[in-house]
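Trainee: My questions all concern the structure below.
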Amino acid sequence: MIGAANGPQIGITGLGVNVPERVVTNEELARHVDTTDEWIVERTGIRERRMASEGEALTDIALPAARAALADAGVDASEIDLLISATVTPDMMFPTSSALMADALGSEAAAYDLLAGCTGFMYAVAQAYGMLASGLSRRALVIGGDVLSSILDWNDRSTLVLFGDGAGAVVMEPVAKGGFLGFELGADGGGGVNLQLPGSGSRKFEHPEQILKMNGREVYKFATRVLVSSAEAVLAECGRTIDEIDVYVPHQANKRIIDHAVGKLGVPYERTVVNVDRFGNTSSGSIPLALADARADGRLRPGALVLMTGMGAGLTWGSALLEWSEAGG
Ligand code: UT7
């Protein structure tokens, strides 16, 4: 799916993020599996990640992010008519985490969870864009967050070291200046077997452990390919070039994957947001957490041209091109 925006201008007017307090270092993981800080840093760029404490679930982590996004936009939850929560680790399958969070915020917005792996946030903003551009929704809250620590295999060193927990949220609505310029989204279900959570649905498995299984090398190949192809596709569709990008926000999966995309795309490194060293791969929380860092360090200012690309389970990918709007309306 690809398209350049040709309707009303829809932008992000509020951004909020939240991560659990508990910091888990590489050294701590090395007490559980046969690994070292050196291996993890060299092969992934990850130094530490946040993980939920006992009893903490997705909505505990995502709600503060949602509240911060609403406050940033200066809107009340009652003014939201659409709430999408992109996640693969909801509190439970139903009631959906989006409905629970809408209720906690005091909103009767249409609310549903969206499942597109680590690309969930990109799919969710594209959907919200479509509903806002058509006039069906007037103001949307899009939340991306995951508690992947809840589905990790603590005996598998090749996956345990990669992931962390975190969430981000954005308010989307019509804007006078800037907004989304286009999207490119896709899926390759044939490669889905390379990143899966067997036993989590109606298909019965012999060993329904419900832990994340990944073929790292295959996902690595997929990631390096689609981060480049999807970014180039959305740029071409919108008639823009990589030189015009002020802030490049790739999915924070692995520093080596990001370095590869940066090199192939030819985007200057100082325009690229990298925080995988502090958070690891937070799945649907990855892109909003990176946006928040770019805003905190002054790169994400009104008028900045932002290129975001996510990829993950499905296998899925998705890019958006956005001219950053003034936060708070
Ligand atoms: O949102 C999408 C989520 N997934 C991803 O983005 C993952 C993409 N894949 C990757 O990032 C990389 O493939 C990994 C980081 C998972 C693995 O890095 P790699 O450089 O591709 O290593 P490898 O799979 O080629 O394995 C090399 C060796 C293996 O040992 P042998 O078979 O050569 O003896 C692994 O068992 O590294 C070993 N290994 C480890 N060693 C120490 C794998 N994980 C670890 C570890 N510590 N944590």
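Chains: A, B, ... in order of the structure tokens. Residues: from 1 per chain. Ligands: from 1, in order shown.
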Write out as number ranges by chain each polymer residue whose atoms come within 9 Å of Glu108 (chain A), counting only C-alpha atoms; drop sequence neighbours fewer than 4 positions from it.

Mentor: A: 77-78, 80-82, 99, 102-103

Trainee: Store the residues picked out above, limited to N, CA, C and O atoms, as an mmCIF file, in the first residue's frame.

Mentor:
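File produced: result_21.cif:
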```
data_model
loop_
_atom_site.group_PDB
_atom_site.id
_atom_site.type_symbol
_atom_site.label_atom_id
_atom_site.label_comp_id
_atom_site.auth_asym_id
_atom_site.auth_seq_id
_atom_site.Cartn_x
_atom_site.Cartn_y
_atom_site.Cartn_z
ATOM 1 N N ALA A 77 -9.180 13.876 27.230
ATOM 2 C CA ALA A 77 -9.482 12.545 26.674
ATOM 3 C C ALA A 77 -10.881 12.500 26.053
ATOM 4 O O ALA A 77 -11.118 11.766 25.089
ATOM 5 N N SER A 78 -11.811 13.296 26.580
ATOM 6 C CA SER A 78 -13.183 13.289 26.043
ATOM 7 C C SER A 78 -13.232 13.850 24.621
ATOM 8 O O SER A 78 -14.220 13.666 23.908
ATOM 9 N N ILE A 80 -11.164 12.935 22.281
ATOM 10 C CA ILE A 80 -10.629 11.886 21.388
ATOM 11 C C ILE A 80 -11.797 11.004 20.936
ATOM 12 O O ILE A 80 -12.589 10.559 21.766
ATOM 13 N N ASP A 81 -11.919 10.741 19.629
ATOM 14 C CA ASP A 81 -13.001 9.838 19.211
ATOM 15 C C ASP A 81 -12.477 8.527 18.620
ATOM 16 O O ASP A 81 -13.250 7.665 18.210
ATOM 17 N N LEU A 82 -11.148 8.381 18.574
ATOM 18 C CA LEU A 82 -10.548 7.148 18.063
ATOM 19 C C LEU A 82 -9.298 6.850 18.878
ATOM 20 O O LEU A 82 -8.459 7.737 19.064
ATOM 21 N N ALA A 99 -9.465 -0.496 24.709
ATOM 22 C CA ALA A 99 -10.739 -0.214 25.398
ATOM 23 C C ALA A 99 -10.484 0.053 26.883
ATOM 24 O O ALA A 99 -11.068 0.973 27.469
ATOM 25 N N ALA A 102 -8.929 3.531 27.096
ATOM 26 C CA ALA A 102 -9.924 4.583 26.845
ATOM 27 C C ALA A 102 -10.759 4.800 28.103
ATOM 28 O O ALA A 102 -10.994 5.940 28.529
ATOM 29 N N ASP A 103 -11.163 3.705 28.716
ATOM 30 C CA ASP A 103 -11.966 3.800 29.938
ATOM 31 C C ASP A 103 -11.181 4.487 31.051
ATOM 32 O O ASP A 103 -11.695 5.379 31.725
#
```

Trainee: Identify, counting only C-alpha atoms and all ligand atoms, the protein, DNA and RNA residues located within 9 Å of ligand 1, and give them as a PyMOL selection string.

Mentor: chain A and resi 29-30+33-40+42-44+117-119+156-163+195+214-224+251-257+281-284+310-313+315

Trainee: Store the residues of this selection in a file with C-alpha atoms, as a PDB file, in the first residue's frame.

Mentor:
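Output file result-v1.pdb follows:
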```
ATOM      1  CA  LEU A  29      21.349 -10.936  31.286  1.00  0.00           C
ATOM      2  CA  ALA A  30      24.757 -12.624  31.247  1.00  0.00           C
ATOM      3  CA  VAL A  33      22.360 -16.986  29.455  1.00  0.00           C
ATOM      4  CA  ASP A  34      25.795 -17.603  27.965  1.00  0.00           C
ATOM      5  CA  THR A  35      26.571 -14.101  26.670  1.00  0.00           C
ATOM      6  CA  THR A  36      28.760 -11.095  27.391  1.00  0.00           C
ATOM      7  CA  ASP A  37      28.380  -7.333  27.411  1.00  0.00           C
ATOM      8  CA  GLU A  38      31.031  -7.165  24.652  1.00  0.00           C
ATOM      9  CA  TRP A  39      29.103  -9.526  22.346  1.00  0.00           C
ATOM     10  CA  ILE A  40      25.823  -7.693  22.827  1.00  0.00           C
ATOM     11  CA  GLU A  42      29.349  -5.269  19.272  1.00  0.00           C
ATOM     12  CA  ARG A  43      26.565  -7.221  17.521  1.00  0.00           C
ATOM     13  CA  THR A  44      23.561  -5.093  18.486  1.00  0.00           C
ATOM     14  CA  GLY A 117       4.475  -6.709  15.193  1.00  0.00           C
ATOM     15  CA  CYS A 118       7.126  -4.054  15.620  1.00  0.00           C
ATOM     16  CA  THR A 119       5.534  -2.191  12.676  1.00  0.00           C
ATOM     17  CA  ASP A 156      17.569 -18.226  24.465  1.00  0.00           C
ATOM     18  CA  ARG A 157      20.535 -15.853  24.271  1.00  0.00           C
ATOM     19  CA  SER A 158      19.852 -14.932  20.638  1.00  0.00           C
ATOM     20  CA  THR A 159      16.528 -13.253  21.488  1.00  0.00           C
ATOM     21  CA  LEU A 160      16.726 -12.400  25.201  1.00  0.00           C
ATOM     22  CA  VAL A 161      19.383  -9.723  24.711  1.00  0.00           C
ATOM     23  CA  LEU A 162      17.552  -7.833  21.965  1.00  0.00           C
ATOM     24  CA  PHE A 163      14.268  -6.672  23.427  1.00  0.00           C
ATOM     25  CA  LEU A 195       9.442 -14.314  13.964  1.00  0.00           C
ATOM     26  CA  MET A 214      13.051 -15.892  15.946  1.00  0.00           C
ATOM     27  CA  ASN A 215      15.383 -16.797  13.118  1.00  0.00           C
ATOM     28  CA  GLY A 216      17.685 -13.820  13.687  1.00  0.00           C
ATOM     29  CA  ARG A 217      19.670 -14.123  10.476  1.00  0.00           C
ATOM     30  CA  GLU A 218      16.561 -14.216   8.265  1.00  0.00           C
ATOM     31  CA  VAL A 219      14.963 -11.276  10.091  1.00  0.00           C
ATOM     32  CA  TYR A 220      18.263  -9.404   9.782  1.00  0.00           C
ATOM     33  CA  LYS A 221      18.247  -9.897   5.989  1.00  0.00           C
ATOM     34  CA  PHE A 222      14.613  -8.837   5.775  1.00  0.00           C
ATOM     35  CA  ALA A 223      15.202  -5.780   7.982  1.00  0.00           C
ATOM     36  CA  THR A 224      18.178  -4.462   6.047  1.00  0.00           C
ATOM     37  CA  HIS A 251      12.948   1.070  13.961  1.00  0.00           C
ATOM     38  CA  GLN A 252      15.406   0.542  16.823  1.00  0.00           C
ATOM     39  CA  ALA A 253      16.098  -3.185  16.354  1.00  0.00           C
ATOM     40  CA  ASN A 254      19.861  -3.411  16.131  1.00  0.00           C
ATOM     41  CA  LYS A 255      22.526  -0.727  15.623  1.00  0.00           C
ATOM     42  CA  ARG A 256      24.057  -2.735  12.772  1.00  0.00           C
ATOM     43  CA  ILE A 257      20.718  -2.794  10.915  1.00  0.00           C
ATOM     44  CA  ASN A 281      14.039  -3.161  20.636  1.00  0.00           C
ATOM     45  CA  THR A 282      10.770  -2.025  22.220  1.00  0.00           C
ATOM     46  CA  SER A 283       8.625  -3.202  19.286  1.00  0.00           C
ATOM     47  CA  SER A 284       5.678  -0.811  18.814  1.00  0.00           C
ATOM     48  CA  GLY A 310       9.268   0.291  11.061  1.00  0.00           C
ATOM     49  CA  MET A 311       9.590  -3.446  10.417  1.00  0.00           C
ATOM     50  CA  GLY A 312       8.838  -6.596  12.337  1.00  0.00           C
ATOM     51  CA  ALA A 313       6.679  -9.676  12.827  1.00  0.00           C
ATOM     52  CA  LEU A 315       6.716 -10.010   8.500  1.00  0.00           C
TER      53      LEU A 315
END
```

Trainee: Per DSSP on the backbone, what are the helix (DSSP H, G or I) residues of region 7-237 of chain A, as JSON, numbers by chain?

Mentor: {"A": [26, 27, 28, 29, 37, 38, 39, 40, 41, 42, 43, 44, 58, 59, 60, 61, 62, 63, 64, 65, 66, 67, 68, 69, 70, 71, 72, 73, 77, 78, 79, 97, 98, 99, 100, 101, 102, 103, 104, 105, 117, 118, 119, 120, 121, 122, 123, 124, 125, 126, 127, 128, 129, 130, 131, 132, 133, 148, 149, 150, 151, 157, 158, 159, 160, 189, 190, 191, 192, 193, 194, 216, 217, 218, 219, 220, 221, 222, 223, 224, 225, 226, 227, 228, 229, 230, 231, 232, 233, 234, 235, 236, 237]}

Trainee: Might you pull out every residue within 8 Å of Arg299 (chain A), with only C-alpha atoms counted and same-chain residues fewer than 2 positions away left off, and present them as a list in words?

Mentor: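 The residues that qualify are Asp246, Val247, Arg271, Ala294, Arg295, Ala296, Asp297, Arg301 and Ala304 of chain A.
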
Trainee: Would you output that residue set with all heavy atoms, as a JSON list (two decimals), in the first residue's frame?

Mentor:
```json
[["chain", "number", "residue", "atom", "x", "y", "z"],
["A", 246, "ASP", "N", 15.20, 15.88, 7.55],
["A", 246, "ASP", "CA", 15.86, 16.48, 8.72],
["A", 246, "ASP", "C", 16.05, 15.46, 9.83],
["A", 246, "ASP", "O", 17.02, 15.52, 10.58],
["A", 246, "ASP", "CB", 15.01, 17.64, 9.26],
["A", 246, "ASP", "CG", 14.88, 18.76, 8.25],
["A", 246, "ASP", "OD1", 15.92, 19.30, 7.85],
["A", 246, "ASP", "OD2", 13.73, 19.08, 7.84],
["A", 247, "VAL", "N", 15.07, 14.55, 9.98],
["A", 247, "VAL", "CA", 15.13, 13.58, 11.07],
["A", 247, "VAL", "C", 14.74, 12.20, 10.52],
["A", 247, "VAL", "O", 13.63, 12.02, 10.02],
["A", 247, "VAL", "CB", 14.15, 13.95, 12.23],
["A", 247, "VAL", "CG1", 14.32, 12.99, 13.40],
["A", 247, "VAL", "CG2", 14.35, 15.39, 12.69],
["A", 271, "ARG", "N", 21.52, 13.12, 11.40],
["A", 271, "ARG", "CA", 20.06, 13.28, 11.24],
["A", 271, "ARG", "C", 19.31, 12.01, 11.64],
["A", 271, "ARG", "O", 18.09, 11.94, 11.56],
["A", 271, "ARG", "CB", 19.72, 13.63, 9.79],
["A", 271, "ARG", "CG", 20.34, 14.94, 9.37],
["A", 271, "ARG", "CD", 19.89, 15.36, 8.00],
["A", 271, "ARG", "NE", 20.75, 16.43, 7.51],
["A", 271, "ARG", "CZ", 20.77, 16.88, 6.27],
["A", 271, "ARG", "NH1", 19.96, 16.36, 5.37],
["A", 271, "ARG", "NH2", 21.58, 17.84, 5.91],
["A", 294, "ALA", "N", 14.37, 12.69, 19.75],
["A", 294, "ALA", "CA", 14.71, 13.70, 18.76],
["A", 294, "ALA", "C", 14.13, 15.06, 19.14],
["A", 294, "ALA", "O", 14.73, 16.10, 18.89],
["A", 294, "ALA", "CB", 14.19, 13.29, 17.38],
["A", 295, "ARG", "N", 12.97, 15.02, 19.78],
["A", 295, "ARG", "CA", 12.41, 16.29, 20.23],
["A", 295, "ARG", "C", 13.21, 16.85, 21.41],
["A", 295, "ARG", "O", 13.49, 18.03, 21.48],
["A", 295, "ARG", "CB", 10.93, 16.15, 20.61],
["A", 295, "ARG", "CG", 10.32, 17.54, 20.81],
["A", 295, "ARG", "CD", 8.86, 17.53, 20.66],
["A", 295, "ARG", "NE", 8.25, 16.98, 21.86],
["A", 295, "ARG", "CZ", 6.99, 17.15, 22.16],
["A", 295, "ARG", "NH1", 6.20, 17.82, 21.36],
["A", 295, "ARG", "NH2", 6.49, 16.63, 23.24],
["A", 296, "ALA", "N", 13.58, 15.95, 22.32],
["A", 296, "ALA", "CA", 14.33, 16.39, 23.51],
["A", 296, "ALA", "C", 15.68, 16.99, 23.12],
["A", 296, "ALA", "O", 16.14, 17.94, 23.77],
["A", 296, "ALA", "CB", 14.52, 15.22, 24.46],
["A", 297, "ASP", "N", 16.32, 16.46, 22.06],
["A", 297, "ASP", "CA", 17.64, 17.01, 21.71],
["A", 297, "ASP", "C", 17.54, 18.15, 20.69],
["A", 297, "ASP", "O", 18.56, 18.61, 20.16],
["A", 297, "ASP", "CB", 18.61, 15.91, 21.26],
["A", 297, "ASP", "CG", 18.23, 15.25, 19.93],
["A", 297, "ASP", "OD1", 17.57, 15.90, 19.10],
["A", 297, "ASP", "OD2", 18.59, 14.08, 19.73],
["A", 301, "ARG", "N", 11.91, 19.89, 15.35],
["A", 301, "ARG", "CA", 11.27, 21.20, 15.53],
["A", 301, "ARG", "C", 10.19, 21.38, 14.46],
["A", 301, "ARG", "O", 10.22, 20.69, 13.43],
["A", 301, "ARG", "CB", 12.31, 22.32, 15.47],
["A", 301, "ARG", "CG", 13.17, 22.19, 14.27],
["A", 301, "ARG", "CD", 14.30, 23.13, 14.08],
["A", 301, "ARG", "NE", 14.63, 23.09, 12.67],
["A", 301, "ARG", "CZ", 15.19, 22.04, 12.06],
["A", 301, "ARG", "NH1", 15.51, 20.97, 12.77],
["A", 301, "ARG", "NH2", 15.41, 22.04, 10.77],
["A", 304, "ALA", "N", 10.26, 20.45, 10.53],
["A", 304, "ALA", "CA", 11.25, 19.41, 10.21],
["A", 304, "ALA", "C", 10.60, 18.30, 9.39],
["A", 304, "ALA", "O", 9.47, 17.88, 9.68],
["A", 304, "ALA", "CB", 11.84, 18.84, 11.50]]
```

Trainee: Extract, using only C-alpha atoms, all DNA, RNA and protein residues at most 7 Å from Trp324 (chain A), discarding same-chain residues fewer than 5 positions from it, and format them as a list in words.

Mentor: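 Once the adjacent positions are removed, what remains is Gly178, Gly179, Arg301, Pro302, Gly303, Ala304, Leu305 and Val306 of chain A.
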
Trainee: Select, from A:Met92, A:Ile84, A:Ile12, A:Ala126, the residue with the minimum atom-to-atom distance to Glu173 (chain A), counting only C-alpha atoms.

Mentor: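 Among the listed residues, A:Ile12 lies closest to Glu173 (chain A).
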
Trainee: I'd like the contact shell of Gln196 (chain A) - 6 Å cut-off, only C-alpha atoms, skipping same-chain residues fewer than 2 positions apart - returned as a ChimeraX atom specification.

Mentor: /A:193,198,212-213
